[in-house]
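What follows is the content of model_5.tsv (TSV, C-alpha atoms).
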chain	number	residue	atom	x	y	z
P	1	MET	CA	-138.13	-183.24	55.66
P	2	ASN	CA	-140.67	-180.83	54.10
P	3	ILE	CA	-140.95	-177.23	52.90
P	4	LEU	CA	-141.02	-175.98	56.50
P	5	SER	CA	-137.69	-177.60	57.38
P	6	LYS	CA	-134.52	-175.50	57.54
P	7	TYR	CA	-132.02	-175.35	54.68
P	8	LYS	CA	-128.47	-174.13	54.25
P	9	LEU	CA	-127.92	-172.18	51.03
P	10	GLY	CA	-124.16	-171.80	50.92
P	11	ASP	CA	-123.37	-170.05	54.19
P	12	LEU	CA	-126.94	-168.70	54.57
P	13	GLU	CA	-129.21	-170.42	57.08
P	14	LEU	CA	-132.77	-170.40	55.73
P	15	SER	CA	-135.57	-170.84	58.24
P	16	ASN	CA	-137.58	-172.92	55.78
P	17	ARG	CA	-137.49	-174.18	52.19
P	18	MET	CA	-140.09	-171.68	50.96
P	19	VAL	CA	-138.90	-168.97	48.58
P	20	MET	CA	-140.91	-165.89	47.70
P	21	ALA	CA	-140.68	-165.82	43.90
P	22	PRO	CA	-139.85	-162.61	42.01
P	23	MET	CA	-143.05	-160.84	40.94
P	24	THR	CA	-143.38	-157.64	38.95
P	25	ARG	CA	-145.68	-155.26	40.88
P	26	CYS	CA	-145.35	-151.96	38.94
P	27	ARG	CA	-145.32	-149.63	41.93
P	28	ALA	CA	-141.97	-147.87	41.56
P	29	LEU	CA	-141.71	-144.08	41.74
P	30	PRO	CA	-140.51	-141.78	38.93
P	31	GLY	CA	-136.92	-142.57	38.06
P	32	ASN	CA	-137.67	-146.27	38.66
P	33	VAL	CA	-136.97	-145.77	42.36
P	34	PRO	CA	-138.41	-148.40	44.72
P	35	ASN	CA	-141.59	-147.21	46.41
P	36	PRO	CA	-141.26	-146.75	50.22
P	37	LEU	CA	-144.24	-149.11	50.44
P	38	SER	CA	-141.95	-151.83	49.10
P	39	ALA	CA	-140.16	-151.93	52.45
P	40	THR	CA	-143.45	-152.80	54.14
P	41	TYR	CA	-144.45	-155.25	51.40
P	42	TYR	CA	-141.25	-157.29	51.56
P	43	ALA	CA	-140.86	-157.08	55.36
P	44	GLN	CA	-144.39	-158.47	55.75
P	45	ARG	CA	-143.15	-161.57	53.91
P	46	ALA	CA	-139.86	-161.95	55.78
P	47	SER	CA	-140.90	-165.35	57.17
P	48	ALA	CA	-140.05	-166.83	53.75
P	49	GLY	CA	-136.80	-168.78	53.88
P	50	LEU	CA	-135.63	-166.48	51.10
P	51	ILE	CA	-137.20	-163.52	49.30
P	52	ILE	CA	-136.27	-162.82	45.69
P	53	THR	CA	-137.33	-159.34	44.65
P	54	GLU	CA	-139.15	-158.30	41.52
P	55	GLY	CA	-136.86	-157.87	38.55
P	56	SER	CA	-134.78	-154.68	38.72
P	57	GLN	CA	-133.34	-153.36	35.50
P	58	VAL	CA	-129.57	-152.96	35.33
P	59	SER	CA	-129.74	-149.98	32.95
P	60	GLU	CA	-132.15	-147.41	31.57
P	61	HIS	CA	-132.23	-149.45	28.37
P	62	GLY	CA	-133.27	-152.58	30.26
P	63	VAL	CA	-136.78	-151.42	31.16
P	64	GLY	CA	-139.91	-152.77	29.49
P	65	TYR	CA	-142.69	-152.31	32.04
P	66	VAL	CA	-144.30	-149.26	33.60
P	67	ASN	CA	-143.12	-148.32	37.10
P	68	THR	CA	-140.59	-151.08	37.66
P	69	PRO	CA	-137.57	-150.49	39.93
P	70	GLY	CA	-133.98	-150.33	38.77
P	71	ILE	CA	-130.58	-150.90	40.35
P	72	HIS	CA	-128.42	-148.52	38.31
P	73	SER	CA	-128.78	-145.11	40.00
P	74	PRO	CA	-127.89	-143.81	43.49
P	75	LEU	CA	-131.55	-143.04	44.23
P	76	GLN	CA	-132.55	-146.58	43.31
P	77	VAL	CA	-129.83	-148.02	45.55
P	78	ALA	CA	-131.00	-145.79	48.41
P	79	GLY	CA	-134.60	-146.93	47.84
P	80	TRP	CA	-133.62	-150.59	47.93
P	81	LYS	CA	-131.55	-150.03	51.09
P	82	LYS	CA	-134.76	-149.16	52.95
P	83	VAL	CA	-136.19	-152.48	51.77
P	84	THR	CA	-133.23	-154.61	52.86
P	85	GLU	CA	-133.09	-152.89	56.24
P	86	ALA	CA	-136.79	-153.58	56.85
P	87	VAL	CA	-136.50	-157.23	55.78
P	88	HIS	CA	-133.41	-157.84	57.91
P	89	LYS	CA	-135.05	-156.18	60.90
P	90	ALA	CA	-137.93	-158.61	60.46
P	91	GLY	CA	-135.48	-161.54	60.41
P	92	GLY	CA	-135.60	-162.27	56.66
P	93	LYS	CA	-133.12	-162.96	53.87
P	94	ILE	CA	-133.48	-161.18	50.53
P	95	PHE	CA	-131.84	-161.42	47.08
P	96	LEU	CA	-132.27	-158.85	44.30
P	97	GLN	CA	-133.15	-160.04	40.79
P	98	LEU	CA	-130.97	-158.45	38.08
P	99	TRP	CA	-132.98	-157.80	34.91
P	100	HIS	CA	-132.64	-156.59	31.34
P	101	VAL	CA	-135.71	-157.10	29.14
P	102	GLY	CA	-133.91	-156.78	25.80
P	103	ARG	CA	-136.44	-156.78	22.97
P	104	VAL	CA	-139.45	-156.95	25.33
P	105	SER	CA	-139.60	-153.17	25.39
P	106	HIS	CA	-140.68	-150.24	23.22
P	107	PRO	CA	-139.27	-146.88	22.10
P	108	ASP	CA	-141.79	-145.22	24.46
P	109	PHE	CA	-139.63	-146.46	27.35
P	110	LEU	CA	-136.33	-145.67	25.69
P	111	GLY	CA	-136.49	-142.04	24.60
P	112	GLY	CA	-137.50	-143.08	21.08
P	113	GLU	CA	-134.64	-145.57	20.63
P	114	LEU	CA	-135.21	-149.16	19.54
P	115	PRO	CA	-134.99	-151.99	22.08
P	116	VAL	CA	-131.89	-154.18	21.79
P	117	ALA	CA	-131.71	-157.92	21.18
P	118	PRO	CA	-129.33	-160.57	19.85
P	119	SER	CA	-131.07	-160.36	16.46
P	120	ALA	CA	-133.48	-158.00	14.70
P	121	LEU	CA	-136.47	-160.35	14.73
P	122	PRO	CA	-140.15	-159.45	15.11
P	123	VAL	CA	-141.95	-160.16	18.39
P	124	ASP	CA	-145.62	-161.11	18.50
P	125	GLY	CA	-147.95	-159.35	20.89
P	126	GLU	CA	-148.53	-156.02	22.56
P	127	ILE	CA	-146.90	-154.11	25.39
P	128	HIS	CA	-148.21	-151.60	27.92
P	129	THR	CA	-146.10	-148.46	27.52
P	130	PRO	CA	-146.25	-145.09	29.31
P	131	LYS	CA	-148.32	-143.93	26.30
P	132	GLY	CA	-150.73	-146.88	26.27
P	133	LYS	CA	-150.91	-150.34	24.76
P	134	LYS	CA	-148.89	-150.79	21.56
P	135	LYS	CA	-147.53	-153.55	19.35
P	136	PHE	CA	-143.97	-154.66	19.84
P	137	VAL	CA	-141.48	-153.15	17.41
P	138	VAL	CA	-138.68	-155.02	15.67
P	139	PRO	CA	-135.61	-154.52	17.90
P	140	ARG	CA	-132.12	-153.77	16.69
P	141	ALA	CA	-129.35	-156.33	17.02
P	142	LEU	CA	-126.64	-155.45	19.51
P	143	GLU	CA	-123.30	-154.71	17.87
P	144	LEU	CA	-120.45	-156.96	18.94
P	145	ASP	CA	-118.64	-154.08	20.61
P	146	GLU	CA	-121.74	-153.24	22.70
P	147	ILE	CA	-121.88	-156.60	24.44
P	148	PRO	CA	-119.10	-155.91	26.99
P	149	GLY	CA	-121.23	-152.95	28.08
P	150	ILE	CA	-124.16	-155.27	28.79
P	151	ILE	CA	-121.93	-157.48	30.93
P	152	GLU	CA	-120.69	-154.42	32.81
P	153	GLN	CA	-124.28	-153.31	33.47
P	154	PHE	CA	-125.02	-156.63	35.20
P	155	ARG	CA	-121.73	-156.48	37.10
P	156	LYS	CA	-122.42	-152.93	38.27
P	157	GLY	CA	-126.00	-153.90	39.17
P	158	ALA	CA	-124.59	-156.70	41.34
P	159	GLU	CA	-122.23	-154.22	42.99
P	160	ASN	CA	-125.09	-151.80	43.61
P	161	ALA	CA	-127.17	-154.60	45.12
P	162	LYS	CA	-124.35	-155.27	47.58
P	163	ASP	CA	-124.22	-151.57	48.46
P	164	ALA	CA	-127.99	-151.67	49.03
P	165	GLY	CA	-127.58	-154.39	51.65
P	166	PHE	CA	-128.94	-157.45	49.83
P	167	ASP	CA	-127.88	-160.96	50.84
P	168	GLY	CA	-127.26	-161.99	47.24
P	169	VAL	CA	-128.59	-161.68	43.70
P	170	GLU	CA	-130.47	-163.70	41.12
P	171	ILE	CA	-129.74	-163.21	37.41
P	172	HIS	CA	-132.93	-163.14	35.33
P	173	GLY	CA	-132.21	-165.54	32.48
P	174	ALA	CA	-135.85	-166.51	31.91
P	175	ASN	CA	-139.19	-165.39	30.45
P	176	GLY	CA	-137.97	-164.23	27.06
P	177	TYR	CA	-135.77	-161.40	28.36
P	178	LEU	CA	-132.31	-160.48	27.08
P	179	LEU	CA	-130.21	-163.38	28.38
P	180	ASP	CA	-132.93	-165.86	27.43
P	181	GLN	CA	-133.02	-164.28	23.96
P	182	PHE	CA	-129.30	-164.96	23.50
P	183	LEU	CA	-129.63	-168.52	24.78
P	184	ARG	CA	-132.39	-169.81	22.50
P	185	ASP	CA	-132.06	-170.38	18.78
P	186	GLY	CA	-135.57	-169.07	18.04
P	187	SER	CA	-134.47	-165.57	19.06
P	188	ASN	CA	-130.73	-165.66	18.37
P	189	ARG	CA	-129.70	-165.77	14.69
P	190	ARG	CA	-126.29	-164.16	15.14
P	191	THR	CA	-123.30	-165.38	13.13
P	192	ASP	CA	-120.56	-164.03	15.42
P	193	LYS	CA	-119.18	-165.56	18.63
P	194	TYR	CA	-122.48	-164.90	20.45
P	195	GLY	CA	-124.69	-166.88	18.07
P	196	GLY	CA	-124.99	-170.10	16.11
P	197	CYS	CA	-123.68	-173.12	18.00
P	198	LEU	CA	-124.65	-174.04	21.54
P	199	GLU	CA	-121.44	-172.72	23.08
P	200	ASN	CA	-121.81	-169.35	21.38
P	201	ARG	CA	-125.43	-168.83	22.40
P	202	LEU	CA	-124.51	-169.63	25.98
P	203	ARG	CA	-121.54	-167.25	25.96
P	204	LEU	CA	-123.32	-164.06	27.15
P	205	PRO	CA	-125.29	-165.74	29.98
P	206	LEU	CA	-122.06	-167.32	31.23
P	207	GLU	CA	-120.03	-164.13	30.93
P	208	VAL	CA	-122.71	-162.23	32.84
P	209	THR	CA	-122.79	-164.94	35.52
P	210	GLU	CA	-119.01	-164.92	35.89
P	211	ALA	CA	-119.03	-161.12	36.24
P	212	VAL	CA	-121.73	-161.23	38.93
P	213	VAL	CA	-120.02	-164.08	40.79
P	214	GLY	CA	-116.88	-161.93	40.72
P	215	VAL	CA	-118.77	-159.40	42.85
P	216	TRP	CA	-120.66	-161.72	45.19
P	217	GLY	CA	-118.91	-165.09	45.25
P	218	ASP	CA	-120.64	-168.16	43.85
P	219	ASP	CA	-122.84	-169.12	46.85
P	220	ARG	CA	-124.67	-165.79	46.77
P	221	VAL	CA	-125.67	-165.89	43.09
P	222	GLY	CA	-128.57	-167.70	41.43
P	223	TYR	CA	-129.81	-167.94	37.84
P	224	ARG	CA	-133.46	-168.19	36.79
P	225	ILE	CA	-134.52	-170.23	33.75
P	226	SER	CA	-137.88	-171.01	32.10
P	227	PRO	CA	-137.26	-173.70	29.44
P	228	HIS	CA	-140.95	-174.00	28.50
P	229	PHE	CA	-141.72	-170.30	28.13
P	230	SER	CA	-143.17	-169.53	24.70
P	231	ASN	CA	-144.54	-165.98	24.93
P	232	TYR	CA	-142.83	-163.06	23.14
P	233	SER	CA	-142.12	-165.37	20.15
P	234	MET	CA	-139.66	-167.46	22.20
P	235	SER	CA	-138.64	-170.97	21.15
P	236	ASP	CA	-135.71	-173.37	20.99
P	237	SER	CA	-135.23	-176.42	18.79
P	238	ASN	CA	-133.64	-178.52	21.57
P	239	PRO	CA	-134.42	-177.31	25.12
P	240	ARG	CA	-133.02	-180.45	26.72
P	241	GLU	CA	-129.64	-179.93	25.09
P	242	ILE	CA	-129.30	-176.21	25.81
P	243	TYR	CA	-130.40	-176.37	29.46
P	244	SER	CA	-128.35	-179.47	30.20
P	245	TYR	CA	-125.30	-177.69	28.84
P	246	LEU	CA	-126.14	-174.56	30.84
P	247	ALA	CA	-126.35	-176.63	34.05
P	248	GLU	CA	-122.95	-178.20	33.35
P	249	GLU	CA	-121.35	-174.81	32.73
P	250	MET	CA	-122.93	-173.34	35.87
P	251	ASN	CA	-121.24	-176.16	37.79
P	252	ASN	CA	-117.91	-175.00	36.40
P	253	ILE	CA	-118.62	-171.47	37.62
P	254	GLY	CA	-119.81	-172.82	40.99
P	255	LEU	CA	-123.22	-171.12	40.88
P	256	GLY	CA	-125.20	-171.18	44.13
P	257	TYR	CA	-128.58	-172.11	42.69
P	258	ILE	CA	-130.70	-172.53	39.59
P	259	HIS	CA	-134.27	-171.27	39.88
P	260	MET	CA	-136.33	-173.18	37.36
P	261	VAL	CA	-139.88	-172.52	36.19
P	262	GLU	CA	-141.55	-175.81	35.34
P	263	PRO	CA	-145.26	-176.17	36.14
P	264	VAL	CA	-146.02	-178.79	38.78
P	265	GLY	CA	-147.40	-181.97	37.28
P	266	GLY	CA	-145.66	-181.35	33.95
P	267	ARG	CA	-148.27	-179.03	32.43
P	268	MET	CA	-146.03	-177.45	29.85
P	269	GLY	CA	-148.34	-175.51	27.58
P	270	ALA	CA	-147.59	-175.29	23.90
P	271	THR	CA	-143.79	-175.24	23.81
P	272	PRO	CA	-142.50	-177.52	21.02
P	273	HIS	CA	-140.61	-180.64	22.13
P	274	ALA	CA	-141.66	-179.98	25.73
P	275	SER	CA	-140.71	-182.57	28.32
P	276	LYS	CA	-140.06	-182.51	32.03
P	277	LEU	CA	-136.56	-181.08	32.41
P	278	ALA	CA	-136.24	-180.59	36.17
P	279	PRO	CA	-135.06	-184.19	36.81
P	280	ILE	CA	-132.36	-183.71	34.17
P	281	ILE	CA	-131.18	-180.42	35.69
P	282	LEU	CA	-131.27	-181.96	39.16
P	283	ASP	CA	-129.09	-184.83	38.00
P	284	ILE	CA	-126.51	-182.52	36.39
P	285	PHE	CA	-126.42	-179.43	38.60
P	286	GLU	CA	-124.41	-179.67	41.81
P	287	GLY	CA	-125.85	-176.59	43.53
P	288	THR	CA	-129.30	-175.87	44.93
P	289	LEU	CA	-132.35	-176.33	42.69
P	290	ILE	CA	-135.39	-174.11	43.28
P	291	LEU	CA	-138.58	-175.12	41.48
P	292	ASN	CA	-141.45	-172.78	40.66
P	293	GLY	CA	-144.74	-173.31	38.87
P	294	GLY	CA	-148.07	-173.46	40.69
P	295	TYR	CA	-146.96	-175.35	43.79
P	296	ASP	CA	-149.10	-175.50	46.93
P	297	LEU	CA	-148.54	-177.09	50.36
P	298	ARG	CA	-149.17	-180.64	49.19
P	299	SER	CA	-147.21	-180.54	45.94
P	300	GLY	CA	-144.40	-178.52	47.53
P	301	ASN	CA	-143.98	-181.02	50.34
P	302	GLU	CA	-144.12	-183.88	47.88
P	303	ALA	CA	-141.34	-182.37	45.75
P	304	ILE	CA	-139.11	-181.86	48.80
P	305	GLU	CA	-139.84	-185.29	50.28
P	306	LYS	CA	-139.05	-186.98	46.96
P	307	ALA	CA	-135.86	-184.89	46.60
P	308	GLU	CA	-137.12	-183.43	43.31
P	309	ALA	CA	-135.97	-179.98	44.46
P	310	ASP	CA	-134.17	-178.37	47.37
P	311	LEU	CA	-136.42	-175.33	47.64
P	312	ILE	CA	-139.85	-174.37	46.27
P	313	SER	CA	-140.76	-170.83	45.26
P	314	PHE	CA	-144.28	-169.45	45.54
P	315	GLY	CA	-145.55	-166.40	43.68
P	316	VAL	CA	-149.24	-165.56	43.95
P	317	LEU	CA	-149.61	-167.48	47.24
P	318	PHE	CA	-146.97	-165.24	48.87
P	319	LEU	CA	-148.44	-162.15	47.22
P	320	ALA	CA	-151.82	-162.80	48.88
P	321	ASN	CA	-150.54	-164.40	52.10
P	322	PRO	CA	-147.69	-162.47	53.74
P	323	ASP	CA	-147.55	-165.12	56.49
P	324	LEU	CA	-147.64	-168.10	54.11
P	325	PRO	CA	-145.24	-170.32	56.12
P	326	GLU	CA	-147.39	-169.87	59.24
P	327	ARG	CA	-150.56	-170.67	57.31
P	328	PHE	CA	-148.94	-173.80	55.91
P	329	ARG	CA	-147.72	-174.78	59.39
P	330	LYS	CA	-151.25	-174.50	60.79
P	331	ASN	CA	-152.96	-175.71	57.60
P	332	ALA	CA	-154.97	-172.48	57.81
P	333	PRO	CA	-157.20	-171.01	55.09
P	334	LEU	CA	-155.48	-168.86	52.47
P	335	ASN	CA	-156.34	-165.35	51.30
P	336	GLN	CA	-157.44	-165.15	47.68
P	337	ALA	CA	-155.36	-162.94	45.40
P	338	ASP	CA	-156.94	-159.83	43.89
P	339	VAL	CA	-155.79	-160.11	40.26
P	340	ALA	CA	-157.01	-156.60	39.41
P	341	THR	CA	-154.38	-155.09	41.75
P	342	PHE	CA	-151.37	-157.17	40.66
P	343	TYR	CA	-149.92	-154.30	38.59
P	344	MET	CA	-151.70	-151.20	39.82
P	345	GLY	CA	-152.63	-149.31	42.97
P	346	GLU	CA	-150.73	-148.38	46.09
P	347	GLU	CA	-151.50	-150.23	49.34
P	348	LYS	CA	-154.50	-152.02	47.86
P	349	GLY	CA	-153.54	-155.53	46.83
P	350	TYR	CA	-149.98	-154.82	47.96
P	351	THR	CA	-149.58	-154.27	51.69
P	352	ASP	CA	-153.20	-154.76	52.85
P	353	TYR	CA	-153.51	-158.56	52.72
P	354	PRO	CA	-154.29	-159.68	56.28
P	355	LYS	CA	-152.19	-162.04	58.37
P	356	LEU	CA	-153.76	-164.72	60.55
P	357	GLY	CA	-155.64	-163.33	63.50
Please, can you express the file's structure as structure tokens?
Amino acid sequence: MNILSKYKLGDLELSNRMVMAPMTRCRALPGNVPNPLSATYYAQRASAGLIITEGSQVSEHGVGYVNTPGIHSPLQVAGWKKVTEAVHKAGGKIFLQLWHVGRVSHPDFLGGELPVAPSALPVDGEIHTPKGKKKFVVPRALELDEIPGIIEQFRKGAENAKDAGFDGVEIHGANGYLLDQFLRDGSNRRTDKYGGCLENRLRLPLEVTEAVVGVWGDDRVGYRISPHFSNYSMSDSNPREIYSYLAEEMNNIGLGYIHMVEPVGGRMGATPHASKLAPIILDIFEGTLILNGGYDLRSGNEAIEKAEADLISFGVLFLANPDLPERFRKNAPLNQADVATFYMGEEKGYTDYPKLG
């Protein structure tokens, strides 16, 4: 058994255990509509066992990057439908990632309004806005009566993804975005039922997950986490406790998979109290575990062979190598990624990476 072996994710038959990780590419059209080139880009990579799209904001207030696609308007749904049709025609499976950036935004994106967050806390760093690079602003805390609206945005996004022809959805609960902000005590200082104790901080992520599962069924929904992420002023005093509890609660919901970012070899960076959490999640969680974090052919195979994960997701390697499974199968040389075109350009660095031969 290795990353090229087949896998059954719920009732989906995956041709291999290689997942194309979600990657922001900043090529959407005005109105945050998916670029027609996206259909080519994703279809080129349809040999992945599963594709997870770039994050797609569930509302106009969920955007925090230039030219990123959404899933909240009819034009966006129509744009994504072209993508799913192209991927399915090429024999692939594709999930949409549901996204709300929360405080990782700026009034320049939001018609002058403040970004929303669990708490009005400052965020270190700068952000690229439509008007240039600027410092993050202090967000405003969501009012208690606004939170049902956030849940409804995710639910409606899940419904729109179904209308667009996706095979399932992944909830973005990682990388310091809104759901991650509610989960961790470094960013959530609320004193109502959505803050304070462990159960309260987990409430919104679970309510969002339950709403999305209500649309798709549990097998077709995943949840992405990044316990060691420390950018955007993110931290938690006890990552092991919060993510263990999250895994237990996701079992109760019956979630299809957890997609976990934990760098291969345990290189955790500067997160306080960092330790390897994947074995703990694997022991608790009863669904599929996808691991992400700098894997290659050797380390990916090793993780699968040792049953450290069920699937492995690849980001930059899939970006630069549309036929990555075939290259791994033949142990062929890999294209090198052009970092300068990750977030800019049209075809260049997007749909022009060559396949073998």
Practice task
Neighbourhood query: residues within 7 Å of (-127.7, -168.2, 26.4), file coordinates, counting all atoms listed in the file; return as an NGL selection string.
Solution key: :P and (179-180 or 182-184 or 201-205)
Test item: residues at most 12 Å from Gly214 in chain P, all atoms listed in the file, excluding those fewer than 5 positions along its chain, as a short mmCIF file (atom, residue, chain, number, x, y, z; two decimals) with C-alpha atoms, in the coordinates of the input:
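Written output follows (result.cif):
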data_model
loop_
_atom_site.label_atom_id
_atom_site.label_comp_id
_atom_site.auth_asym_id
_atom_site.auth_seq_id
_atom_site.Cartn_x
_atom_site.Cartn_y
_atom_site.Cartn_z
CA ILE P 151 -121.93 -157.48 30.93
CA GLU P 152 -120.69 -154.42 32.81
CA PHE P 154 -125.02 -156.63 35.20
CA ARG P 155 -121.73 -156.48 37.10
CA LYS P 156 -122.42 -152.93 38.27
CA ALA P 158 -124.59 -156.70 41.34
CA GLU P 159 -122.23 -154.22 42.99
CA GLU P 207 -120.03 -164.13 30.93
CA VAL P 208 -122.71 -162.23 32.84
CA THR P 209 -122.79 -164.94 35.52
CA ASP P 219 -122.84 -169.12 46.85
CA ARG P 220 -124.67 -165.79 46.77
CA VAL P 221 -125.67 -165.89 43.09
CA ILE P 253 -118.62 -171.47 37.62
CA GLY P 254 -119.81 -172.82 40.99
CA LEU P 255 -123.22 -171.12 40.88
#
With distances taken over all atoms listed in the file, the candidate from P:Gly149, P:Gly349, P:Gly102, P:Gly49 nearest Gly176 in chain P is P:Gly102
- request: Go ahead and compute the interatomic distance for CA of Phe318 in chain P and CA of Val33 in chain P, in Å to one decimal.
  value: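 About the pair CA of Phe318 in chain P and CA of Val33 in chain P: they are 22.8 Å apart.
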| query | Could you pull the residues within 7 Å of range 304-311 of chain P, counting only C-alpha atoms, minus those fewer than 6 positions along the same chain, as a ChimeraX atom specification? | reply | /P:1-3,17-19,279,288-291
Legend entry - Residues within 10 Å of Val87 in chain P, all atoms listed in the file, excluding chain neighbours under 5 positions, as a PyMOL selection string: chain P and resi 39-47+51+81-82+92-94+166
*For Ser119 in chain P, which residue among P:Asp185, P:Glu241, P:Glu346, P:Asp338 is the nearest when counting all atoms listed in the file?*
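For Ser119 in chain P, the nearest of the candidates is P:Asp185.
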Residue neighbourhood Phe328 in chain P, 10 Å, only C-alpha atoms, exclusion window fewer than 4 positions, as a list in words: Ile3, Leu4, Asp296, Leu297, Arg298, Asp323, Leu324, Ala332, Pro333 and Leu334 of chain P
Write the residues of the selection above to a file with C-alpha atoms, as an mmCIF file, in the coordinates of the input.
data_model
loop_
_atom_site.group_PDB
_atom_site.id
_atom_site.type_symbol
_atom_site.label_atom_id
_atom_site.label_comp_id
_atom_site.auth_asym_id
_atom_site.auth_seq_id
_atom_site.Cartn_x
_atom_site.Cartn_y
_atom_site.Cartn_z
ATOM 1 C CA ILE P 3 -140.950 -177.230 52.900
ATOM 2 C CA LEU P 4 -141.020 -175.980 56.500
ATOM 3 C CA ASP P 296 -149.100 -175.500 46.930
ATOM 4 C CA LEU P 297 -148.540 -177.090 50.360
ATOM 5 C CA ARG P 298 -149.170 -180.640 49.190
ATOM 6 C CA ASP P 323 -147.550 -165.120 56.490
ATOM 7 C CA LEU P 324 -147.640 -168.100 54.110
ATOM 8 C CA ALA P 332 -154.970 -172.480 57.810
ATOM 9 C CA PRO P 333 -157.200 -171.010 55.090
ATOM 10 C CA LEU P 334 -155.480 -168.860 52.470
#
- Query: What gap, in Å, lies between CA of Val77 in chain P and CA of Ser105 in chain P?
  - Reply: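 Separation of CA of Val77 in chain P and CA of Ser105 in chain P: 23.0 Å.
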* To do: Mind checking which residues fall within 12 Å of Ile171 in chain P, counting only C-alpha atoms, ignoring those fewer than 5 positions away in the same chain, and posting them as a PyMOL selection string?
  => chain P and resi 22+52-58+95-101+151+153-155+157-158+161+177-180+205-213+220-225+255-260
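The smallest atom-to-atom distance between Gly173 in chain P and any of P:Ala90, P:Ile280, P:Leu114, P:Val261, using all atoms listed in the file, is found for P:Val261.
The smallest atom-to-atom distance between Arg240 in chain P and any of P:Gly132, P:Gly315, P:Pro227, P:Gly91, using only C-alpha atoms, is found for P:Pro227.
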- Query: Between P:Glu249, P:Glu170, P:Asp145, P:Glu302, which has the minimum distance to Trp216 in chain P (counting all atoms listed in the file)?
  - Reply: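 The answer is P:Glu170, which sits nearest to Trp216 in chain P.
In terms of minimum interatomic distance to Ser237 in chain P, P:Leu198 ranks closest within P:Met23, P:Leu29, P:Val316, P:Leu198, counting only C-alpha atoms.
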**Asked** Could you list as a ChimeraX atom specification every residue that has an atom within 6 Å of (-149.5, -161.9, 54.0), using the file's coordinates and counting all atoms listed in the file?
**Response** /P:320-323,353-355
For those residues, write C-alpha atoms to a file as an mmCIF file, keeping the file's coordinate frame.
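Final file, part12.cif:
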data_model
loop_
_atom_site.group_PDB
_atom_site.id
_atom_site.type_symbol
_atom_site.label_atom_id
_atom_site.label_comp_id
_atom_site.auth_asym_id
_atom_site.auth_seq_id
_atom_site.Cartn_x
_atom_site.Cartn_y
_atom_site.Cartn_z
ATOM 1 C CA ALA P 320 -151.820 -162.800 48.880
ATOM 2 C CA ASN P 321 -150.540 -164.400 52.100
ATOM 3 C CA PRO P 322 -147.690 -162.470 53.740
ATOM 4 C CA ASP P 323 -147.550 -165.120 56.490
ATOM 5 C CA TYR P 353 -153.510 -158.560 52.720
ATOM 6 C CA PRO P 354 -154.290 -159.680 56.280
ATOM 7 C CA LYS P 355 -152.190 -162.040 58.370
#
Separation of CA of Leu75 in chain P from CA of Gly62 in chain P in Å |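 Distance between the two atoms: 17.0 Å.
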How big is the axis-aligned box around all listed atoms of range 113-120 of chain P once 3 Å goes on each side, and where's its centre, in Å to one decimal, as lines of an AutoDock Vina configuration file?
center_x = -132.3
center_y = -153.1
center_z = 18.4
size_x = 11.9
size_y = 21.0
size_z = 13.4
